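Colleague: For reference, the structure I am asking about is given below.
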Amino acid sequence: MREDFLQSGYGIRFEWGPAGARHLAREVSCLVVVDVLSFTTSVSVAVEAGSRVFPHPWRDGTATAFAEQRDARLAVGRGAVGPDTPWSLSPAALRRAPFAARLVLPSPNGSAISAAADDTATVVVAACLRNGTTVGAWLAEQGYGTAERPVGVIAAGERWPDGSLRPALEDLLGAGAVIASLDIHGSGRALLSVEAGTVATTFTASPDIAADVLASASGRELIDGGFPEDVAIATEVDASTVVPVLLDGAFVAATGPLAY
């Protein structure tokens, strides 16, 4: 891989989707996954409640066995929520569901990226608009964002019907929240790639983040599909002070420096 595409030499880098994550995962000290609608928002809600959240690629024949092996509840698709299956990718459903100490949360984007990145020695963090400022501050506190300890921020994006990546505004804004906060809290130590700096500027220039997400294609899709509460929770900007970090295959709340 050409160094140009790795944004080498920069402390804070930005990329899109699974391919971008694969390229950066072994080149950075920390990978921040952003999937606002709705994987990382759901992770923030579940981890706040005390759950351990296991990422898994989108539902297939292995998901049930994966959950059973980990003695965990398996989240279902939004439309499959019911009395016996109250856990889903919907953050609103997770708030209503009984507490699950261990939860497998599949998704085709953020969860798949997180699960794949777990195979590397890189620290993996889940960020969204609810905790973007806190995540950025935590990264700076841990010494990330420098040329010696670079961070890769990945906007998960969505999928077109043919399976190709559809960049999503909400993930761009969520990534911008993390990058802008890390830049501020890094006290001038952070060195942003042009890509990362542009994303941060997009976030800080928005007069109303919640309105932008509500009016976005992904936001309208969920609202029209009958899930406006999921969009409302996803746009609780800076409502959370929890930093979910992937440890032993599950997202848990960070409590301090991590040994890797």
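Chain labels follow the order of the structure tokens: the first chain is A, the next B, and so on; residue numbering restarts at 1 in every chain, and ligands are counted from 1 in their shown order.
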Give the alpha helix (DSSP H) residues of range 8-257 of chain A, as DSSP finds them on the backbone, and put them as JSON, numbers by chain.

Modeller: {"A": [17, 18, 19, 20, 21, 22, 23, 24, 25, 39, 40, 41, 42, 43, 44, 45, 46, 47, 48, 63, 64, 65, 66, 67, 68, 69, 91, 92, 93, 94, 95, 96, 110, 111, 112, 113, 114, 115, 116, 117, 132, 133, 134, 135, 136, 137, 138, 139, 140, 141, 169, 170, 171, 172, 173, 174, 175, 176, 177, 178, 179, 180, 181, 182, 183, 184, 185, 194, 195, 196, 197, 198, 199, 200, 201, 202, 203, 204, 205, 209, 210, 211, 212, 213, 214, 215, 217, 218, 219, 220, 221, 222, 223, 224, 228, 229, 230, 231, 232, 233, 234]}

Colleague: Would you kindly return, as a PyMOL selection string, each protein, DNA or RNA residue with an atom no farther than 9 Å from any atom of Ala67 in chain A, considering only C-alpha atoms and excluding same-chain residues fewer than 5 positions away?

Modeller: chain A and resi 54+62+72-74+102-104

Colleague: Taking all heavy atoms for each residue, export the selection above as a short mmCIF file (atom, residue, chain, number, x, y, z; two decimals), in the first residue's frame.

Modeller:
```
data_model
loop_
_atom_site.label_atom_id
_atom_site.label_comp_id
_atom_site.auth_asym_id
_atom_site.auth_seq_id
_atom_site.Cartn_x
_atom_site.Cartn_y
_atom_site.Cartn_z
N PHE A 54 -20.39 -7.61 22.18
CA PHE A 54 -19.54 -8.33 21.23
C PHE A 54 -19.95 -7.98 19.80
O PHE A 54 -21.09 -8.23 19.40
CB PHE A 54 -19.69 -9.85 21.43
CG PHE A 54 -19.22 -10.35 22.76
CD1 PHE A 54 -20.08 -10.34 23.85
CD2 PHE A 54 -17.93 -10.83 22.91
CE1 PHE A 54 -19.65 -10.81 25.09
CE2 PHE A 54 -17.49 -11.30 24.15
CZ PHE A 54 -18.35 -11.29 25.24
N THR A 62 -23.68 -18.03 11.50
CA THR A 62 -22.72 -18.15 12.59
C THR A 62 -23.09 -17.30 13.81
O THR A 62 -22.51 -17.49 14.88
CB THR A 62 -21.32 -17.72 12.12
OG1 THR A 62 -21.32 -16.30 11.84
CG2 THR A 62 -20.90 -18.48 10.86
N ALA A 72 -24.11 -15.13 25.57
CA ALA A 72 -24.60 -13.77 25.37
C ALA A 72 -25.96 -13.77 24.66
O ALA A 72 -26.30 -14.73 23.96
CB ALA A 72 -23.60 -12.96 24.55
N ARG A 73 -26.69 -12.70 24.86
CA ARG A 73 -27.93 -12.50 24.12
C ARG A 73 -27.59 -12.04 22.71
O ARG A 73 -26.63 -11.30 22.50
CB ARG A 73 -28.80 -11.44 24.80
CG ARG A 73 -29.16 -11.76 26.24
CD ARG A 73 -30.14 -12.90 26.32
NE ARG A 73 -30.65 -13.10 27.67
CZ ARG A 73 -31.60 -13.96 28.00
NH1 ARG A 73 -32.13 -14.73 27.07
NH2 ARG A 73 -32.00 -14.07 29.25
N LEU A 74 -28.38 -12.46 21.74
CA LEU A 74 -28.16 -12.07 20.35
C LEU A 74 -29.16 -11.01 19.93
O LEU A 74 -30.38 -11.22 20.02
CB LEU A 74 -28.28 -13.29 19.43
CG LEU A 74 -28.14 -13.02 17.93
CD1 LEU A 74 -26.77 -12.45 17.60
CD2 LEU A 74 -28.41 -14.31 17.13
N ARG A 102 -24.27 -9.59 28.69
CA ARG A 102 -23.44 -9.89 27.52
C ARG A 102 -24.35 -9.88 26.30
O ARG A 102 -25.37 -10.58 26.27
CB ARG A 102 -22.76 -11.25 27.70
CG ARG A 102 -21.87 -11.31 28.93
CD ARG A 102 -21.49 -12.74 29.29
NE ARG A 102 -20.57 -13.34 28.36
CZ ARG A 102 -19.26 -13.18 28.39
NH1 ARG A 102 -18.71 -12.44 29.33
NH2 ARG A 102 -18.47 -13.76 27.50
N LEU A 103 -23.97 -9.09 25.30
CA LEU A 103 -24.82 -8.89 24.14
C LEU A 103 -24.00 -8.98 22.86
O LEU A 103 -22.97 -8.32 22.73
CB LEU A 103 -25.48 -7.51 24.22
CG LEU A 103 -26.41 -7.10 23.07
CD1 LEU A 103 -27.67 -7.95 23.07
CD2 LEU A 103 -26.76 -5.61 23.19
N VAL A 104 -24.45 -9.82 21.92
CA VAL A 104 -23.85 -9.86 20.59
C VAL A 104 -24.66 -8.92 19.69
O VAL A 104 -25.87 -9.06 19.58
CB VAL A 104 -23.85 -11.29 20.01
CG1 VAL A 104 -23.41 -11.26 18.54
CG2 VAL A 104 -22.92 -12.18 20.82
#
```

Colleague: Which residues, written as an MDAnalysis selection string, have at least one atom at most 8 Å from Leu172 in chain A, with only C-alpha atoms counted and residues fewer than 6 positions away on the same chain left out?

Modeller: chainID A and resid 155 199 203

Colleague: Suppose we keep C-alpha atoms; can you now write the selection as a short mmCIF file (atom, residue, chain, number, x, y, z; two decimals), in the first residue's frame?

Modeller:
```cif
data_model
loop_
_atom_site.label_atom_id
_atom_site.label_comp_id
_atom_site.auth_asym_id
_atom_site.auth_seq_id
_atom_site.Cartn_x
_atom_site.Cartn_y
_atom_site.Cartn_z
CA ALA A 155 -16.56 6.56 9.17
CA VAL A 199 -13.81 16.34 8.43
CA PHE A 203 -18.43 19.17 12.07
#
```

Colleague: List as a PDB file with N, CA and C atoms, in the first residue's frame the protein and nucleic acid residues near Gly11 in chain A, meaning an atom at most 12 Å away when only C-alpha atoms are counted, but skip any in the same chain fewer than 3 places from it.

Modeller:
```pdb
ATOM      1  N   LEU A   6      -1.995   5.867   3.111  1.00  0.00           N
ATOM      2  CA  LEU A   6      -2.003   5.591   4.552  1.00  0.00           C
ATOM      3  C   LEU A   6      -1.940   6.877   5.367  1.00  0.00           C
ATOM      4  N   GLN A   7      -1.810   8.022   4.709  1.00  0.00           N
ATOM      5  CA  GLN A   7      -1.696   9.314   5.391  1.00  0.00           C
ATOM      6  C   GLN A   7      -0.541   9.262   6.400  1.00  0.00           C
ATOM      7  N   SER A   8       0.547   8.624   5.987  1.00  0.00           N
ATOM      8  CA  SER A   8       1.697   8.403   6.871  1.00  0.00           C
ATOM      9  C   SER A   8       2.287   9.718   7.360  1.00  0.00           C
ATOM     10  N   PHE A  14      -8.049   9.901   8.676  1.00  0.00           N
ATOM     11  CA  PHE A  14      -9.473   9.618   8.451  1.00  0.00           C
ATOM     12  C   PHE A  14      -9.638   8.770   7.211  1.00  0.00           C
ATOM     13  N   GLU A  27      -1.480   0.336  10.793  1.00  0.00           N
ATOM     14  CA  GLU A  27      -0.588   1.487  10.660  1.00  0.00           C
ATOM     15  C   GLU A  27      -0.784   2.496  11.783  1.00  0.00           C
ATOM     16  N   VAL A  28      -1.815   2.296  12.609  1.00  0.00           N
ATOM     17  CA  VAL A  28      -2.123   3.250  13.678  1.00  0.00           C
ATOM     18  C   VAL A  28      -2.123   2.529  15.018  1.00  0.00           C
ATOM     19  N   SER A  29      -2.038   3.295  16.077  1.00  0.00           N
ATOM     20  CA  SER A  29      -2.070   2.727  17.430  1.00  0.00           C
ATOM     21  C   SER A  29      -3.488   2.548  17.932  1.00  0.00           C
ATOM     22  N   CYS A  30      -4.421   3.300  17.380  1.00  0.00           N
ATOM     23  CA  CYS A  30      -5.815   3.235  17.810  1.00  0.00           C
ATOM     24  C   CYS A  30      -6.719   3.460  16.613  1.00  0.00           C
ATOM     25  N   LEU A  31      -7.760   2.642  16.521  1.00  0.00           N
ATOM     26  CA  LEU A  31      -8.742   2.778  15.446  1.00  0.00           C
ATOM     27  C   LEU A  31     -10.082   3.144  16.075  1.00  0.00           C
ATOM     28  N   LEU A 139      -8.740  10.056  24.114  1.00  0.00           N
ATOM     29  CA  LEU A 139      -7.615   9.728  23.241  1.00  0.00           C
ATOM     30  C   LEU A 139      -6.418  10.637  23.526  1.00  0.00           C
ATOM     31  N   ALA A 140      -6.687  11.925  23.676  1.00  0.00           N
ATOM     32  CA  ALA A 140      -5.611  12.875  23.972  1.00  0.00           C
ATOM     33  C   ALA A 140      -4.978  12.568  25.317  1.00  0.00           C
ATOM     34  N   GLY A 143      -2.515   9.889  25.196  1.00  0.00           N
ATOM     35  CA  GLY A 143      -1.338  10.173  24.390  1.00  0.00           C
ATOM     36  C   GLY A 143      -1.460   9.813  22.924  1.00  0.00           C
ATOM     37  N   TYR A 144      -2.693   9.543  22.450  1.00  0.00           N
ATOM     38  CA  TYR A 144      -2.898   9.231  21.037  1.00  0.00           C
ATOM     39  C   TYR A 144      -3.047  10.520  20.229  1.00  0.00           C
ATOM     40  N   GLY A 145      -2.809  10.387  18.935  1.00  0.00           N
ATOM     41  CA  GLY A 145      -2.972  11.525  18.044  1.00  0.00           C
ATOM     42  C   GLY A 145      -1.666  12.168  17.636  1.00  0.00           C
ATOM     43  N   THR A 146      -0.550  11.565  18.047  1.00  0.00           N
ATOM     44  CA  THR A 146       0.770  12.071  17.658  1.00  0.00           C
ATOM     45  C   THR A 146       1.333  11.194  16.548  1.00  0.00           C
ATOM     46  N   ALA A 147       2.413  11.635  15.947  1.00  0.00           N
ATOM     47  CA  ALA A 147       3.043  10.846  14.889  1.00  0.00           C
ATOM     48  C   ALA A 147       3.525   9.499  15.427  1.00  0.00           C
ATOM     49  N   GLU A 148       3.890   9.471  16.729  1.00  0.00           N
ATOM     50  CA  GLU A 148       4.358   8.236  17.347  1.00  0.00           C
ATOM     51  C   GLU A 148       3.198   7.308  17.716  1.00  0.00           C
ATOM     52  N   ARG A 149       2.038   7.869  18.018  1.00  0.00           N
ATOM     53  CA  ARG A 149       0.872   7.069  18.410  1.00  0.00           C
ATOM     54  C   ARG A 149      -0.345   7.547  17.599  1.00  0.00           C
ATOM     55  N   PRO A 150      -0.345   7.273  16.306  1.00  0.00           N
ATOM     56  CA  PRO A 150      -1.402   7.807  15.444  1.00  0.00           C
ATOM     57  C   PRO A 150      -2.762   7.144  15.686  1.00  0.00           C
ATOM     58  N   VAL A 151      -3.795   7.900  15.361  1.00  0.00           N
ATOM     59  CA  VAL A 151      -5.184   7.442  15.456  1.00  0.00           C
ATOM     60  C   VAL A 151      -5.779   7.428  14.049  1.00  0.00           C
ATOM     61  N   GLY A 152      -6.503   6.364  13.738  1.00  0.00           N
ATOM     62  CA  GLY A 152      -7.266   6.307  12.499  1.00  0.00           C
ATOM     63  C   GLY A 152      -8.753   6.368  12.830  1.00  0.00           C
ATOM     64  N   VAL A 153      -9.448   7.365  12.331  1.00  0.00           N
ATOM     65  CA  VAL A 153     -10.888   7.497  12.565  1.00  0.00           C
ATOM     66  C   VAL A 153     -11.613   7.008  11.313  1.00  0.00           C
ATOM     67  N   ILE A 179     -12.492  13.958  15.956  1.00  0.00           N
ATOM     68  CA  ILE A 179     -11.253  14.589  15.503  1.00  0.00           C
ATOM     69  C   ILE A 179     -11.118  16.005  16.057  1.00  0.00           C
ATOM     70  N   LEU A 182     -10.217  15.734  19.746  1.00  0.00           N
ATOM     71  CA  LEU A 182      -8.833  15.281  19.927  1.00  0.00           C
ATOM     72  C   LEU A 182      -7.858  16.397  19.585  1.00  0.00           C
ATOM     73  N   ASP A 183      -8.160  17.147  18.560  1.00  0.00           N
ATOM     74  CA  ASP A 183      -7.301  18.266  18.170  1.00  0.00           C
ATOM     75  C   ASP A 183      -7.243  19.311  19.282  1.00  0.00           C
ATOM     76  N   GLY A 186      -5.588  17.823  22.474  1.00  0.00           N
ATOM     77  CA  GLY A 186      -4.201  17.430  22.262  1.00  0.00           C
ATOM     78  C   GLY A 186      -3.205  18.533  22.527  1.00  0.00           C
ATOM     79  N   GLY A 188      -2.105  21.027  20.884  1.00  0.00           N
ATOM     80  CA  GLY A 188      -1.159  21.336  19.833  1.00  0.00           C
ATOM     81  C   GLY A 188      -0.231  20.200  19.461  1.00  0.00           C
ATOM     82  N   ARG A 189      -0.337  19.041  20.179  1.00  0.00           N
ATOM     83  CA  ARG A 189       0.538  17.908  19.868  1.00  0.00           C
ATOM     84  C   ARG A 189       0.036  17.119  18.662  1.00  0.00           C
ATOM     85  N   ALA A 190      -1.265  17.251  18.381  1.00  0.00           N
ATOM     86  CA  ALA A 190      -1.864  16.466  17.304  1.00  0.00           C
ATOM     87  C   ALA A 190      -1.502  17.050  15.943  1.00  0.00           C
ATOM     88  N   LEU A 191      -1.339  16.149  14.985  1.00  0.00           N
ATOM     89  CA  LEU A 191      -1.026  16.566  13.620  1.00  0.00           C
ATOM     90  C   LEU A 191      -2.040  15.911  12.699  1.00  0.00           C
ATOM     91  N   LEU A 192      -2.950  16.727  12.162  1.00  0.00           N
ATOM     92  CA  LEU A 192      -4.050  16.211  11.369  1.00  0.00           C
ATOM     93  C   LEU A 192      -3.679  16.078   9.899  1.00  0.00           C
ATOM     94  N   SER A 193      -4.077  14.961   9.298  1.00  0.00           N
ATOM     95  CA  SER A 193      -3.994  14.865   7.849  1.00  0.00           C
ATOM     96  C   SER A 193      -5.004  15.843   7.254  1.00  0.00           C
ATOM     97  N   VAL A 194      -4.843  16.145   5.978  1.00  0.00           N
ATOM     98  CA  VAL A 194      -5.796  17.048   5.323  1.00  0.00           C
ATOM     99  C   VAL A 194      -7.199  16.460   5.384  1.00  0.00           C
ATOM    100  N   GLU A 195      -7.302  15.150   5.195  1.00  0.00           N
ATOM    101  CA  GLU A 195      -8.604  14.489   5.249  1.00  0.00           C
ATOM    102  C   GLU A 195      -9.239  14.662   6.625  1.00  0.00           C
ATOM    103  N   ALA A 196      -8.469  14.412   7.681  1.00  0.00           N
ATOM    104  CA  ALA A 196      -8.992  14.530   9.040  1.00  0.00           C
ATOM    105  C   ALA A 196      -9.362  15.976   9.366  1.00  0.00           C
ATOM    106  N   GLY A 197      -8.531  16.912   8.959  1.00  0.00           N
ATOM    107  CA  GLY A 197      -8.817  18.317   9.231  1.00  0.00           C
ATOM    108  C   GLY A 197     -10.081  18.796   8.551  1.00  0.00           C
TER     109      GLY A 197
END
```

Colleague: Name all residues at most 12 Å from Ala217 in chain A (count only C-alpha atoms; drop same-chain ones fewer than 6 positions away) and give them as a ChimeraX atom specification.

Modeller: /A:37,157-158,166-171,223-224,231

Colleague: Please identify every residue of range 147-228 of chain A that has at least one atom no farther than 12 Å from an atom of range 90-99 of chain A, counting only C-alpha atoms, and for each give the shortest atom pair and the distance in Å to one decimal, arranged by chain then increasing number, as a tab-separated table.

Modeller:
```
residue	atom	partner	partner_atom	distance
A:Leu222	CA	A:Ser90	CA	10.2
A:Gly226	CA	A:Ser90	CA	11.4
A:Phe227	CA	A:Ser90	CA	8.2
A:Pro228	CA	A:Ala92	CA	9.3
```

Colleague: Since we have the selection now, will you write its residues out, keeping N, CA, C and O atoms, as a PDB file, in the first residue's frame?

Modeller:
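The resulting file, result.pdb, is shown below:
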```
ATOM      1  N   LEU A 222     -34.598   6.047   8.229  1.00  0.00           N
ATOM      2  CA  LEU A 222     -35.038   5.467   9.494  1.00  0.00           C
ATOM      3  C   LEU A 222     -36.371   6.051   9.952  1.00  0.00           C
ATOM      4  O   LEU A 222     -37.246   5.330  10.444  1.00  0.00           O
ATOM      5  N   GLY A 226     -40.203   4.068  10.352  1.00  0.00           N
ATOM      6  CA  GLY A 226     -40.886   3.924  11.631  1.00  0.00           C
ATOM      7  C   GLY A 226     -39.980   3.926  12.847  1.00  0.00           C
ATOM      8  O   GLY A 226     -40.401   3.501  13.928  1.00  0.00           O
ATOM      9  N   PHE A 227     -38.738   4.443  12.687  1.00  0.00           N
ATOM     10  CA  PHE A 227     -37.797   4.431  13.803  1.00  0.00           C
ATOM     11  C   PHE A 227     -37.246   5.829  14.107  1.00  0.00           C
ATOM     12  O   PHE A 227     -36.031   6.024  14.204  1.00  0.00           O
ATOM     13  N   PRO A 228     -38.132   6.820  14.271  1.00  0.00           N
ATOM     14  CA  PRO A 228     -37.644   8.174  14.551  1.00  0.00           C
ATOM     15  C   PRO A 228     -36.909   8.274  15.878  1.00  0.00           C
ATOM     16  O   PRO A 228     -36.009   9.114  16.039  1.00  0.00           O
TER      17      PRO A 228
END
```

Colleague: Quote the spacing between CA of Leu105 in chain A and CA of Ala25 in chain A in Å to one decimal place.

Modeller: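 Between CA of Leu105 in chain A and CA of Ala25 in chain A the gap is 21.2 Å.
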
Colleague: Have a look at CA of Leu24 in chain A and CA of Ser111 in chain A and let me know their distance in Å, one decimal.

Modeller: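 The value is 16.7 Å.
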
Colleague: Residues near Asn109 in chain A, anyone? I mean within 9 Å using only C-alpha atoms, not counting same-chain ones fewer than 4 positions away, as number ranges by chain.

Modeller: A: 17-18, 35, 39, 57-58, 113-114, 156-159

Colleague: Find the residues near Val32 in chain A: any atom within 6 Å, counting only C-alpha atoms, skip ones fewer than 6 places away on the same chain, and give them as an mmCIF file with all heavy atoms, in the first residue's frame.

Modeller:
```
data_model
loop_
_atom_site.group_PDB
_atom_site.id
_atom_site.type_symbol
_atom_site.label_atom_id
_atom_site.label_comp_id
_atom_site.auth_asym_id
_atom_site.auth_seq_id
_atom_site.Cartn_x
_atom_site.Cartn_y
_atom_site.Cartn_z
ATOM 1 N N VAL A 124 -9.208 -0.521 19.693
ATOM 2 C CA VAL A 124 -10.403 -0.196 18.920
ATOM 3 C C VAL A 124 -11.423 0.483 19.847
ATOM 4 O O VAL A 124 -11.744 -0.045 20.919
ATOM 5 C CB VAL A 124 -11.032 -1.453 18.288
ATOM 6 C CG1 VAL A 124 -12.292 -1.080 17.490
ATOM 7 C CG2 VAL A 124 -10.021 -2.156 17.388
ATOM 8 N N VAL A 125 -11.920 1.637 19.421
ATOM 9 C CA VAL A 125 -12.866 2.433 20.203
ATOM 10 C C VAL A 125 -14.117 2.673 19.373
ATOM 11 O O VAL A 125 -14.037 2.879 18.149
ATOM 12 C CB VAL A 125 -12.244 3.789 20.608
ATOM 13 C CG1 VAL A 125 -13.251 4.664 21.338
ATOM 14 C CG2 VAL A 125 -11.002 3.572 21.473
ATOM 15 N N ALA A 126 -15.289 2.640 20.020
ATOM 16 C CA ALA A 126 -16.554 2.935 19.346
ATOM 17 C C ALA A 126 -16.974 4.361 19.685
ATOM 18 O O ALA A 126 -17.102 4.712 20.865
ATOM 19 C CB ALA A 126 -17.643 1.951 19.783
ATOM 20 N N VAL A 153 -9.448 7.365 12.331
ATOM 21 C CA VAL A 153 -10.888 7.497 12.565
ATOM 22 C C VAL A 153 -11.613 7.008 11.313
ATOM 23 O O VAL A 153 -11.375 7.528 10.216
ATOM 24 C CB VAL A 153 -11.274 8.953 12.897
ATOM 25 C CG1 VAL A 153 -12.775 9.051 13.188
ATOM 26 C CG2 VAL A 153 -10.472 9.450 14.108
ATOM 27 N N ILE A 154 -12.484 6.024 11.484
ATOM 28 C CA ILE A 154 -13.155 5.378 10.358
ATOM 29 C C ILE A 154 -14.639 5.686 10.375
ATOM 30 O O ILE A 154 -15.357 5.331 11.319
ATOM 31 C CB ILE A 154 -12.967 3.843 10.401
ATOM 32 C CG1 ILE A 154 -11.487 3.476 10.474
ATOM 33 C CG2 ILE A 154 -13.648 3.199 9.197
ATOM 34 C CD1 ILE A 154 -10.672 3.891 9.273
#
```

Colleague: Go through A:Ala254, A:Leu246, A:Val45, A:Val213 one by one, measure the shortest atom-to-atom distance of each to Ala121 in chain A using only C-alpha atoms, and give the residue with the smallest value.

Modeller: A:Leu246

Colleague: Nearest to Arg13 in chain A among A:Val178, A:Leu247, A:Ala115, A:Ala253, with distances taken over only C-alpha atoms: which residue is it?

Modeller: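 Of all the options, A:Val178 lies closest to Arg13 in chain A.
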
Colleague: Measuring atom to atom with only C-alpha atoms, identify which of A:Leu173, A:Val53, A:Val47, A:Ala215 is nearest to Leu129 in chain A.

Modeller: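 Looking at the shortest contact to Leu129 in chain A, the residue is A:Leu173.
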
Colleague: My list of candidates is A:Val135, A:Ala80, A:Ala101, A:Val245. Which is closest to Arg52 in chain A when distances are computed with only C-alpha atoms?

Modeller: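 Looking at the shortest contact to Arg52 in chain A, the residue is A:Ala101.
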